[in-house]
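**Q** Got a structure for you, work-v7.cif, holding mmCIF, C-alpha atoms.
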data_input
#
loop_
_atom_site.label_atom_id
_atom_site.label_comp_id
_atom_site.auth_asym_id
_atom_site.auth_seq_id
_atom_site.Cartn_x
_atom_site.Cartn_y
_atom_site.Cartn_z
CA MET A 1 78.11 111.22 79.08
CA LEU A 2 78.56 107.56 79.99
CA CYS A 3 78.31 107.60 83.76
CA ALA A 4 75.85 106.14 86.24
CA ARG A 5 74.03 108.38 88.74
CA LYS A 6 73.82 107.49 92.42
CA SER A 7 70.04 107.11 92.07
CA ASP A 8 70.59 104.37 89.44
CA PHE A 9 71.73 102.00 92.19
CA THR A 10 69.63 100.18 94.76
CA PRO A 11 70.53 100.64 98.49
CA ALA A 12 71.96 97.09 98.54
CA GLN A 13 74.15 97.87 95.51
CA ARG A 14 75.43 101.07 97.15
CA ALA A 15 76.24 99.22 100.37
CA HIS A 16 77.95 96.44 98.40
CA THR A 17 80.02 98.92 96.36
CA ARG A 18 81.03 100.73 99.57
CA ARG A 19 82.07 97.42 101.18
CA ILE A 20 84.07 96.37 98.08
CA LEU A 21 85.90 99.72 97.89
CA TRP A 22 86.84 99.53 101.59
CA LEU A 23 87.99 95.92 101.20
CA LEU A 24 90.12 96.73 98.14
CA LEU A 25 91.60 99.72 99.97
CA THR A 26 92.41 97.48 102.96
CA TYR A 27 93.97 94.94 100.58
CA ALA A 28 96.10 97.61 98.92
CA ILE A 29 97.29 98.83 102.34
CA VAL A 30 97.87 95.40 103.91
CA LEU A 31 99.57 93.53 101.05
CA PRO A 32 102.70 95.62 100.20
CA PRO A 33 104.19 95.58 103.74
CA LEU A 34 103.55 91.83 104.02
CA VAL A 35 105.29 91.14 100.69
CA TRP A 36 108.15 93.46 101.69
CA LEU A 37 108.56 91.73 105.06
CA HIS A 38 108.60 88.32 103.39
CA ALA A 39 111.22 89.45 100.86
CA HIS A 40 113.54 91.35 103.22
CA ARG A 41 113.22 89.78 106.68
CA HIS A 42 113.51 86.24 107.96
CA ILE A 43 110.01 85.43 109.21
CA GLY A 44 109.14 82.30 111.22
CA PRO A 45 106.50 79.85 109.97
CA THR A 46 103.83 80.86 112.51
CA LEU A 47 104.09 84.53 111.63
CA SER A 48 104.16 83.63 107.93
CA VAL A 49 100.87 81.75 108.31
CA LEU A 50 99.35 84.77 110.06
CA MET A 51 100.67 87.04 107.28
CA ALA A 52 99.16 84.77 104.62
CA ILE A 53 95.80 84.79 106.39
CA ALA A 54 95.96 88.58 106.88
CA ALA A 55 96.56 89.02 103.14
CA SER A 56 93.64 86.68 102.35
CA ILE A 57 91.04 88.30 104.61
CA PRO A 58 90.13 91.31 102.38
CA LEU A 59 89.62 88.99 99.38
CA LEU A 60 87.51 86.61 101.48
CA GLY A 61 85.56 89.70 102.52
CA ILE A 62 84.81 90.41 98.84
CA PHE A 63 83.23 86.95 98.45
CA ALA A 64 81.29 87.46 101.70
CA SER A 65 80.15 90.87 100.44
CA TRP A 66 78.69 89.26 97.30
CA GLY A 67 76.78 86.79 99.50
CA ARG A 68 75.54 89.63 101.69
CA TYR A 69 74.48 91.63 98.62
CA LEU A 70 72.43 88.73 97.26
CA SER A 71 70.76 88.38 100.64
CA ASP A 72 70.14 92.16 101.04
CA GLU A 73 68.95 92.89 97.49
CA ARG A 74 65.16 93.34 97.48
CA ASP A 75 64.86 93.99 93.74
CA GLU A 76 64.42 90.56 92.16
CA TYR A 77 65.56 91.77 88.74
CA HIS A 78 68.88 93.06 90.08
CA GLN A 79 69.27 89.90 92.15
CA ALA A 80 68.79 87.78 89.03
CA LEU A 81 71.33 89.93 87.12
CA ALA A 82 73.88 89.51 89.94
CA LEU A 83 73.34 85.74 89.98
CA ARG A 84 73.83 85.63 86.22
CA ARG A 85 77.05 87.62 86.51
CA ILE A 86 78.34 85.36 89.26
CA ALA A 87 77.47 82.26 87.21
CA ILE A 88 79.29 83.61 84.12
CA ALA A 89 82.34 84.73 86.15
CA THR A 90 82.50 81.41 88.01
CA ASN A 91 82.21 79.32 84.84
CA ALA A 92 84.85 81.39 83.03
CA THR A 93 87.20 81.33 86.05
CA MET A 94 86.81 77.61 86.70
CA GLY A 95 87.22 76.89 82.98
CA ALA A 96 90.48 78.86 82.95
CA ALA A 97 91.64 77.11 86.15
CA ILE A 98 90.98 73.67 84.68
CA VAL A 99 92.74 74.41 81.37
CA TRP A 100 95.71 76.01 83.14
CA GLY A 101 95.76 73.15 85.68
CA PHE A 102 96.08 70.47 83.01
CA LEU A 103 98.70 72.51 81.15
CA GLN A 104 100.63 72.68 84.47
CA ALA A 105 100.14 68.97 85.13
CA PHE A 106 101.64 68.06 81.76
CA GLY A 107 104.50 70.55 82.14
CA ALA A 108 103.32 72.89 79.37
CA MET A 109 102.82 75.89 81.69
CA PRO A 110 104.54 77.02 84.91
CA LEU A 111 102.98 76.56 88.35
CA ILE A 112 101.31 79.71 89.65
CA GLU A 113 99.96 80.75 93.04
CA ALA A 114 96.35 79.62 93.55
CA TYR A 115 95.18 83.16 94.39
CA TRP A 116 95.37 84.06 90.69
CA VAL A 117 92.16 82.06 90.21
CA PRO A 118 90.04 84.20 92.59
CA PHE A 119 91.87 87.24 91.20
CA VAL A 120 90.52 86.39 87.72
CA TRP A 121 87.02 86.02 89.24
CA VAL A 122 87.22 89.44 90.93
CA VAL A 123 88.53 91.09 87.74
CA LEU A 124 85.70 89.52 85.70
CA GLN A 125 83.17 90.87 88.22
CA GLY A 126 84.76 94.31 87.97
CA VAL A 127 84.68 94.27 84.16
CA ALA A 128 81.03 93.09 84.17
CA GLY A 129 80.19 95.88 86.66
CA CYS A 130 81.83 98.54 84.47
CA VAL A 131 80.04 97.23 81.36
CA ALA A 132 76.70 97.32 83.25
CA ALA A 133 77.34 100.86 84.56
CA PHE A 134 78.34 102.17 81.11
CA SER A 135 75.31 100.49 79.51
CA ARG A 136 73.04 102.10 82.11
CA GLY A 137 74.64 105.49 81.44
CA ALA A 138 74.29 105.03 77.68
CA ALA A 139 70.65 103.94 78.05
CA ALA A 140 69.90 107.00 80.24
CA ASN A 141 71.33 109.29 77.55
CA MET B 1 62.08 61.73 95.83
CA SER B 2 61.49 61.06 92.10
CA LEU B 3 63.61 62.92 89.58
CA ASN B 4 62.01 65.49 87.28
CA PRO B 5 62.97 65.65 83.54
CA ALA B 6 65.59 68.42 84.08
CA MET B 7 67.29 66.36 86.79
CA LYS B 8 67.28 63.24 84.61
CA ARG B 9 68.89 65.17 81.73
CA TYR B 10 71.43 66.63 84.16
CA ASN B 11 72.33 63.15 85.46
CA ARG B 12 72.60 61.75 81.93
CA ARG B 13 74.90 64.61 80.87
CA MET B 14 77.04 64.15 83.98
CA ILE B 15 77.51 60.43 83.35
CA TRP B 16 78.52 61.04 79.72
CA LEU B 17 80.86 63.90 80.59
CA TRP B 18 82.67 61.92 83.29
CA LEU B 19 83.02 58.94 80.93
CA ILE B 20 84.48 61.24 78.25
CA TYR B 21 86.76 62.75 80.91
CA ALA B 22 88.09 59.28 81.83
CA ALA B 23 88.74 58.49 78.15
CA PHE B 24 90.43 61.84 77.41
CA LEU B 25 92.54 61.64 80.56
CA PHE B 26 93.72 58.18 79.55
CA VAL B 27 94.66 59.47 76.08
CA ALA B 28 96.52 62.46 77.55
CA LEU B 29 98.40 60.37 80.12
CA TYR B 30 99.35 57.77 77.53
CA THR B 31 100.52 60.44 75.07
CA PHE B 32 102.66 62.22 77.66
CA THR B 33 104.05 59.05 79.26
CA HIS B 34 105.18 57.70 75.88
CA ARG B 35 106.18 61.15 74.52
CA LEU B 36 104.13 60.65 71.36
CA LEU B 37 103.72 64.36 70.62
CA GLY B 38 105.82 67.52 70.61
CA GLY B 39 105.30 71.23 69.97
CA PRO B 40 101.79 72.70 69.84
CA GLY B 41 100.24 69.21 69.87
CA THR B 42 101.23 68.83 73.54
CA TYR B 43 99.09 71.86 74.43
CA LEU B 44 96.09 70.40 72.61
CA VAL B 45 96.42 67.02 74.32
CA ALA B 46 96.96 68.68 77.74
CA ILE B 47 93.74 70.66 77.29
CA LEU B 48 91.77 67.56 76.17
CA PRO B 49 90.82 66.31 79.70
CA ALA B 50 89.85 69.87 80.67
CA LEU B 51 87.06 70.02 78.08
CA PRO B 52 84.61 67.52 79.69
CA ILE B 53 85.08 69.20 83.09
CA ILE B 54 84.24 72.56 81.53
CA GLY B 55 81.22 70.69 80.12
CA VAL B 56 80.25 69.75 83.68
CA PHE B 57 80.06 73.44 84.59
CA VAL B 58 77.98 74.06 81.48
CA ALA B 59 75.72 71.13 82.51
CA VAL B 60 75.14 72.74 85.92
CA GLY B 61 74.28 76.00 84.13
CA ARG B 62 71.90 74.22 81.76
CA TYR B 63 70.21 72.48 84.66
CA LEU B 64 69.57 75.86 86.28
CA PHE B 65 68.15 77.10 82.98
CA GLU B 66 65.96 74.04 82.35
CA GLU B 67 64.66 73.45 85.89
CA GLN B 68 61.01 74.53 85.97
CA ASP B 69 60.55 74.07 89.72
CA GLU B 70 61.55 77.45 91.19
CA TYR B 71 62.21 76.03 94.65
CA LEU B 72 64.61 73.36 93.33
CA ARG B 73 66.30 75.99 91.16
CA MET B 74 66.74 78.26 94.18
CA LEU B 75 68.27 75.34 96.13
CA MET B 76 70.75 74.62 93.31
CA VAL B 77 71.64 78.32 92.96
CA ARG B 78 72.38 78.43 96.71
CA GLN B 79 74.48 75.26 96.38
CA THR B 80 76.53 76.71 93.52
CA LEU B 81 77.02 79.98 95.45
CA TRP B 82 78.31 78.05 98.45
CA ALA B 83 80.57 76.04 96.13
CA SER B 84 81.99 79.18 94.51
CA GLY B 85 82.55 80.95 97.83
CA PHE B 86 84.16 77.84 99.30
CA ALA B 87 86.48 77.14 96.33
CA LEU B 88 87.52 80.77 95.79
CA SER B 89 88.15 81.32 99.51
CA LEU B 90 90.30 78.19 99.81
CA ALA B 91 92.19 79.17 96.63
CA THR B 92 92.87 82.63 98.10
CA ILE B 93 94.19 81.24 101.39
CA TRP B 94 96.24 78.51 99.67
CA GLY B 95 97.63 81.06 97.20
CA PHE B 96 98.97 83.29 99.96
CA LEU B 97 100.37 80.29 101.84
CA GLU B 98 102.20 79.45 98.56
CA ARG B 99 103.34 83.07 98.19
CA PHE B 100 104.92 82.99 101.66
CA ASP B 101 106.58 79.60 100.93
CA LEU B 102 104.57 77.67 103.51
CA VAL B 103 102.99 75.11 101.17
CA ASP B 104 103.81 73.64 97.76
CA HIS B 105 102.29 74.84 94.49
CA ILE B 106 99.29 72.85 93.29
CA ASP B 107 97.86 72.38 89.81
CA ALA B 108 95.07 74.92 89.28
CA TYR B 109 92.43 72.27 88.46
CA TYR B 110 92.36 71.31 92.15
CA ILE B 111 90.34 74.50 92.67
CA ALA B 112 87.63 73.09 90.39
CA ILE B 113 87.73 69.83 92.36
CA VAL B 114 87.23 71.88 95.54
CA TRP B 115 84.28 73.57 93.79
CA PHE B 116 82.63 70.18 93.24
CA PHE B 117 83.25 69.38 96.91
CA GLY B 118 81.73 72.80 97.67
CA LEU B 119 78.50 71.66 95.99
CA GLY B 120 78.32 69.06 98.76
CA VAL B 121 78.97 71.77 101.36
CA GLY B 122 76.14 73.78 99.77
CA ALA B 123 73.81 70.78 99.97
CA VAL B 124 74.60 70.37 103.67
CA MET B 125 74.04 74.10 104.26
CA ASN B 126 70.70 73.91 102.42
CA LYS B 127 69.70 70.96 104.56
CA LEU B 128 70.72 72.76 107.75
CA THR B 129 69.15 76.13 106.92
CA LEU B 130 66.15 75.19 104.75
CA GLY B 131 65.67 71.51 105.59
CA ALA B 132 66.02 70.41 101.94
CA SER B 133 68.62 69.94 99.22
CA VAL B 134 68.63 69.07 95.52
CA GLN B 135 68.97 65.31 95.08
CA CYS B 136 70.14 64.80 91.51
#
Translate this structure into structure tokens?
**A**
Amino acid sequence: MLCARKSDFTPAQRAHTRRILWLLLTYAIVLPPLVWLHAHRHIGPTLSVLMAIAASIPLLGIFASWGRYLSDERDEYHQALALRRIAIATNATMGAAIVWGFLQAFGAMPLIEAYWVPFVWVVLQGVAGCVAAFSRGAAAN
Amino acid sequence: MSLNPAMKRYNRRMIWLWLIYAAFLFVALYTFTHRLLGGPGTYLVAILPALPIIGVFVAVGRYLFEEQDEYLRMLMVRQTLWASGFALSLATIWGFLERFDLVDHIDAYYIAIVWFFGLGVGAVMNKLTLGASVQC
């Protein structure tokens, strides 16, 4: 079966995964009411700024969690793998942002909210994590 | 501080890439201002200036690969991590400010520009925390 055991992960990886799951859960809880409020109630600019920051905080936490993981990870091999993953995700995300940005600038594509760029980065990290976990499971079998 | 071979190659690549960027941007602006192209050709010309900037990211990656001095490599890795954290965090905050109609939409390539600025932030952080930074 293609699944990773708990013992396959280092303590830093487990702590990082726990932090990410909590942050995503917080994001999923915080975002819908904020979007609903914005769509259905007249909100003043100050409160809107606070709402925007509140919606951003869990995602900022994800970036902070990656930094914390790199600092906590004692296994140099896993640290190097994480750095490699971050480098690939960052290059792919920035590449997409640049291409999309020039397509927007020349009117070929619509303007989108800037948070889609970090969203792509987070999704790429998630996909890379799943691929790594499945590969570990396959290797163990 | 004298530059090692990896740094020299990195600088050379950067100069070429930014020169190509200037040329491609000029071509794209001229083409769009004078409406010389239509259909799929517009997409190709719009993407043209993006290619050298993508090359800049590749050049940073190649520098990390080619740098033999582990300390300098570690400094550059820290700089790029600061840059990524800085750019992605600002993009997240700006995105939600856009979503709640507080600021205007921006072209997505500004996030890459913020990333380059973030490299400077990373250099300052390296200087403050480790007393050194990569001087390419």
**Q** Compile a residue-level contact table for stretch 16-126 of chain B against stretch 41-51 of chain A at a cut-off of 8 Å, reporting for every qualifying residue the shortest atom pair and its distance in Å to one decimal, with all atoms listed in the file counted, rows ordered by chain and ascending number, as JSON lines.
**A**
{"residue": "B:Leu97", "atom": "CA", "partner": "A:Val49", "partner_atom": "CA", "distance": 6.7}
{"residue": "B:Phe100", "atom": "CA", "partner": "A:Ser48", "partner_atom": "CA", "distance": 6.3}
{"residue": "B:Leu102", "atom": "CA", "partner": "A:Pro45", "partner_atom": "CA", "distance": 7.1}
**Q** Please write the residues picked by the PyMOL selection byres ((chain B) within 9 of (chain A)) on this file as a ChimeraX atom specification.
**A** /B:28-29,32,42-43,46-51,53-54,57-58,61,77,80-82,84-85,87-102,105-112,115
**Q** Taking the file above as input, evaluate the PyMOL selection byres ((chain A and resi 9-23) around 8) and report the hits as an mmCIF file with C-alpha atoms, in the coordinates of the input.
**A**
data_model
loop_
_atom_site.group_PDB
_atom_site.id
_atom_site.type_symbol
_atom_site.label_atom_id
_atom_site.label_comp_id
_atom_site.auth_asym_id
_atom_site.auth_seq_id
_atom_site.Cartn_x
_atom_site.Cartn_y
_atom_site.Cartn_z
ATOM 1 C CA ARG A 5 74.030 108.380 88.740
ATOM 2 C CA LYS A 6 73.820 107.490 92.420
ATOM 3 C CA SER A 7 70.040 107.110 92.070
ATOM 4 C CA ASP A 8 70.590 104.370 89.440
ATOM 5 C CA LEU A 24 90.120 96.730 98.140
ATOM 6 C CA LEU A 25 91.600 99.720 99.970
ATOM 7 C CA THR A 26 92.410 97.480 102.960
ATOM 8 C CA TYR A 27 93.970 94.940 100.580
ATOM 9 C CA PRO A 58 90.130 91.310 102.380
ATOM 10 C CA LEU A 59 89.620 88.990 99.380
ATOM 11 C CA GLY A 61 85.560 89.700 102.520
ATOM 12 C CA ILE A 62 84.810 90.410 98.840
ATOM 13 C CA SER A 65 80.150 90.870 100.440
ATOM 14 C CA TRP A 66 78.690 89.260 97.300
ATOM 15 C CA ARG A 68 75.540 89.630 101.690
ATOM 16 C CA TYR A 69 74.480 91.630 98.620
ATOM 17 C CA ASP A 72 70.140 92.160 101.040
ATOM 18 C CA GLU A 73 68.950 92.890 97.490
ATOM 19 C CA ARG A 74 65.160 93.340 97.480
ATOM 20 C CA ASP A 75 64.860 93.990 93.740
#
**Q** I need the output of the PyMOL selection byres ((chain B and resi 3) around 12) for this file as a count of residues only; which residues are they?
**A** 17
**Q** Can you pull out every residue within 12 Å of B:Ala132, counting only C-alpha atoms, but drop anything in the same chain fewer than 2 positions away, and send it as a ChimeraX atom specification?
**A** /B:1,71-72,74-76,78-79,122-130,134-135
**Q** Kindly export the residues of the current selection with C-alpha atoms, as a PDB file, in the frame of the given file.
**A**
ATOM      1  CA  MET B   1      62.080  61.730  95.830  1.00  0.00           C
ATOM      2  CA  TYR B  71      62.210  76.030  94.650  1.00  0.00           C
ATOM      3  CA  LEU B  72      64.610  73.360  93.330  1.00  0.00           C
ATOM      4  CA  MET B  74      66.740  78.260  94.180  1.00  0.00           C
ATOM      5  CA  LEU B  75      68.270  75.340  96.130  1.00  0.00           C
ATOM      6  CA  MET B  76      70.750  74.620  93.310  1.00  0.00           C
ATOM      7  CA  ARG B  78      72.380  78.430  96.710  1.00  0.00           C
ATOM      8  CA  GLN B  79      74.480  75.260  96.380  1.00  0.00           C
ATOM      9  CA  GLY B 122      76.140  73.780  99.770  1.00  0.00           C
ATOM     10  CA  ALA B 123      73.810  70.780  99.970  1.00  0.00           C
ATOM     11  CA  VAL B 124      74.600  70.370 103.670  1.00  0.00           C
ATOM     12  CA  MET B 125      74.040  74.100 104.260  1.00  0.00           C
ATOM     13  CA  ASN B 126      70.700  73.910 102.420  1.00  0.00           C
ATOM     14  CA  LYS B 127      69.700  70.960 104.560  1.00  0.00           C
ATOM     15  CA  LEU B 128      70.720  72.760 107.750  1.00  0.00           C
ATOM     16  CA  THR B 129      69.150  76.130 106.920  1.00  0.00           C
ATOM     17  CA  LEU B 130      66.150  75.190 104.750  1.00  0.00           C
ATOM     18  CA  VAL B 134      68.630  69.070  95.520  1.00  0.00           C
ATOM     19  CA  GLN B 135      68.970  65.310  95.080  1.00  0.00           C
TER      20      GLN B 135
END
**Q** Pull N, CA and C atoms for stretch 79-111 of chain A from the block and write them as a PDB file, in the first residue's frame.
**A**
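File out23.pdb, as written:
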ATOM      1  N   GLN A  79      16.785  18.418   5.034  1.00  0.00           N
ATOM      2  CA  GLN A  79      16.861  19.872   4.896  1.00  0.00           C
ATOM      3  C   GLN A  79      17.168  20.246   3.440  1.00  0.00           C
ATOM      4  N   ALA A  80      18.124  19.501   2.859  1.00  0.00           N
ATOM      5  CA  ALA A  80      18.504  19.768   1.465  1.00  0.00           C
ATOM      6  C   ALA A  80      17.328  19.486   0.531  1.00  0.00           C
ATOM      7  N   LEU A  81      16.568  18.402   0.819  1.00  0.00           N
ATOM      8  CA  LEU A  81      15.394  18.082  -0.019  1.00  0.00           C
ATOM      9  C   LEU A  81      14.349  19.195   0.063  1.00  0.00           C
ATOM     10  N   ALA A  82      14.137  19.706   1.300  1.00  0.00           N
ATOM     11  CA  ALA A  82      13.150  20.780   1.482  1.00  0.00           C
ATOM     12  C   ALA A  82      13.594  22.032   0.729  1.00  0.00           C
ATOM     13  N   LEU A  83      14.878  22.357   0.809  1.00  0.00           N
ATOM     14  CA  LEU A  83      15.392  23.531   0.101  1.00  0.00           C
ATOM     15  C   LEU A  83      15.194  23.388  -1.403  1.00  0.00           C
ATOM     16  N   ARG A  84      15.440  22.180  -1.892  1.00  0.00           N
ATOM     17  CA  ARG A  84      15.274  21.896  -3.321  1.00  0.00           C
ATOM     18  C   ARG A  84      13.815  22.085  -3.744  1.00  0.00           C
ATOM     19  N   ARG A  85      12.920  21.572  -2.897  1.00  0.00           N
ATOM     20  CA  ARG A  85      11.487  21.701  -3.182  1.00  0.00           C
ATOM     21  C   ARG A  85      11.065  23.160  -3.201  1.00  0.00           C
ATOM     22  N   ILE A  86      11.566  23.906  -2.218  1.00  0.00           N
ATOM     23  CA  ILE A  86      11.217  25.333  -2.143  1.00  0.00           C
ATOM     24  C   ILE A  86      11.749  26.053  -3.382  1.00  0.00           C
ATOM     25  N   ALA A  87      12.985  25.720  -3.783  1.00  0.00           N
ATOM     26  CA  ALA A  87      13.586  26.378  -4.950  1.00  0.00           C
ATOM     27  C   ALA A  87      12.761  26.082  -6.204  1.00  0.00           C
ATOM     28  N   ILE A  88      12.350  24.813  -6.381  1.00  0.00           N
ATOM     29  CA  ILE A  88      11.566  24.446  -7.572  1.00  0.00           C
ATOM     30  C   ILE A  88      10.209  25.152  -7.543  1.00  0.00           C
ATOM     31  N   ALA A  89       9.538  25.105  -6.371  1.00  0.00           N
ATOM     32  CA  ALA A  89       8.212  25.743  -6.254  1.00  0.00           C
ATOM     33  C   ALA A  89       8.318  27.244  -6.488  1.00  0.00           C
ATOM     34  N   THR A  90       9.356  27.874  -5.935  1.00  0.00           N
ATOM     35  CA  THR A  90       9.502  29.322  -6.089  1.00  0.00           C
ATOM     36  C   THR A  90       9.762  29.685  -7.548  1.00  0.00           C
ATOM     37  N   ASN A  91      10.663  28.945  -8.196  1.00  0.00           N
ATOM     38  CA  ASN A  91      10.959  29.237  -9.606  1.00  0.00           C
ATOM     39  C   ASN A  91       9.716  29.057 -10.477  1.00  0.00           C
ATOM     40  N   ALA A  92       8.991  27.953 -10.257  1.00  0.00           N
ATOM     41  CA  ALA A  92       7.793  27.700 -11.065  1.00  0.00           C
ATOM     42  C   ALA A  92       6.742  28.787 -10.812  1.00  0.00           C
ATOM     43  N   THR A  93       6.551  29.143  -9.528  1.00  0.00           N
ATOM     44  CA  THR A  93       5.543  30.152  -9.185  1.00  0.00           C
ATOM     45  C   THR A  93       5.905  31.514  -9.760  1.00  0.00           C
ATOM     46  N   MET A  94       7.163  31.912  -9.573  1.00  0.00           N
ATOM     47  CA  MET A  94       7.583  33.226 -10.072  1.00  0.00           C
ATOM     48  C   MET A  94       7.531  33.258 -11.606  1.00  0.00           C
ATOM     49  N   GLY A  95       7.901  32.154 -12.226  1.00  0.00           N
ATOM     50  CA  GLY A  95       7.822  32.061 -13.690  1.00  0.00           C
ATOM     51  C   GLY A  95       6.385  32.278 -14.157  1.00  0.00           C
ATOM     52  N   ALA A  96       5.453  31.591 -13.483  1.00  0.00           N
ATOM     53  CA  ALA A  96       4.034  31.736 -13.843  1.00  0.00           C
ATOM     54  C   ALA A  96       3.568  33.169 -13.606  1.00  0.00           C
ATOM     55  N   ALA A  97       4.014  33.771 -12.490  1.00  0.00           N
ATOM     56  CA  ALA A  97       3.602  35.146 -12.166  1.00  0.00           C
ATOM     57  C   ALA A  97       4.104  36.127 -13.228  1.00  0.00           C
ATOM     58  N   ILE A  98       5.335  35.913 -13.680  1.00  0.00           N
ATOM     59  CA  ILE A  98       5.906  36.829 -14.680  1.00  0.00           C
ATOM     60  C   ILE A  98       5.157  36.694 -16.006  1.00  0.00           C
ATOM     61  N   VAL A  99       4.946  35.451 -16.447  1.00  0.00           N
ATOM     62  CA  VAL A  99       4.248  35.236 -17.724  1.00  0.00           C
ATOM     63  C   VAL A  99       2.839  35.827 -17.646  1.00  0.00           C
ATOM     64  N   TRP A 100       2.117  35.492 -16.559  1.00  0.00           N
ATOM     65  CA  TRP A 100       0.756  35.997 -16.397  1.00  0.00           C
ATOM     66  C   TRP A 100       0.770  37.532 -16.310  1.00  0.00           C
ATOM     67  N   GLY A 101       1.758  38.071 -15.595  1.00  0.00           N
ATOM     68  CA  GLY A 101       1.869  39.530 -15.429  1.00  0.00           C
ATOM     69  C   GLY A 101       2.019  40.246 -16.755  1.00  0.00           C
ATOM     70  N   PHE A 102       2.873  39.721 -17.644  1.00  0.00           N
ATOM     71  CA  PHE A 102       3.043  40.379 -18.944  1.00  0.00           C
ATOM     72  C   PHE A 102       1.801  40.188 -19.822  1.00  0.00           C
ATOM     73  N   LEU A 103       1.149  39.031 -19.700  1.00  0.00           N
ATOM     74  CA  LEU A 103      -0.097  38.830 -20.452  1.00  0.00           C
ATOM     75  C   LEU A 103      -1.164  39.819 -19.967  1.00  0.00           C
ATOM     76  N   GLN A 104      -1.174  40.096 -18.648  1.00  0.00           N
ATOM     77  CA  GLN A 104      -2.106  41.100 -18.095  1.00  0.00           C
ATOM     78  C   GLN A 104      -1.754  42.485 -18.609  1.00  0.00           C
ATOM     79  N   ALA A 105      -0.439  42.790 -18.567  1.00  0.00           N
ATOM     80  CA  ALA A 105       0.024  44.136 -18.937  1.00  0.00           C
ATOM     81  C   ALA A 105      -0.348  44.465 -20.379  1.00  0.00           C
ATOM     82  N   PHE A 106      -0.314  43.454 -21.251  1.00  0.00           N
ATOM     83  CA  PHE A 106      -0.634  43.699 -22.658  1.00  0.00           C
ATOM     84  C   PHE A 106      -2.097  43.361 -22.979  1.00  0.00           C
ATOM     85  N   GLY A 107      -2.901  43.194 -21.932  1.00  0.00           N
ATOM     86  CA  GLY A 107      -4.344  43.027 -22.117  1.00  0.00           C
ATOM     87  C   GLY A 107      -4.767  41.676 -22.665  1.00  0.00           C
ATOM     88  N   ALA A 108      -3.864  40.687 -22.640  1.00  0.00           N
ATOM     89  CA  ALA A 108      -4.214  39.369 -23.178  1.00  0.00           C
ATOM     90  C   ALA A 108      -4.911  38.488 -22.136  1.00  0.00           C
ATOM     91  N   MET A 109      -4.727  38.809 -20.855  1.00  0.00           N
ATOM     92  CA  MET A 109      -5.339  38.021 -19.777  1.00  0.00           C
ATOM     93  C   MET A 109      -5.959  38.970 -18.755  1.00  0.00           C
ATOM     94  N   PRO A 110      -6.996  38.512 -18.027  1.00  0.00           N
ATOM     95  CA  PRO A 110      -7.621  39.408 -17.042  1.00  0.00           C
ATOM     96  C   PRO A 110      -6.741  39.601 -15.801  1.00  0.00           C
ATOM     97  N   LEU A 111      -6.985  40.688 -15.080  1.00  0.00           N
ATOM     98  CA  LEU A 111      -6.269  40.925 -13.819  1.00  0.00           C
ATOM     99  C   LEU A 111      -6.821  39.965 -12.768  1.00  0.00           C
TER     100      LEU A 111
END
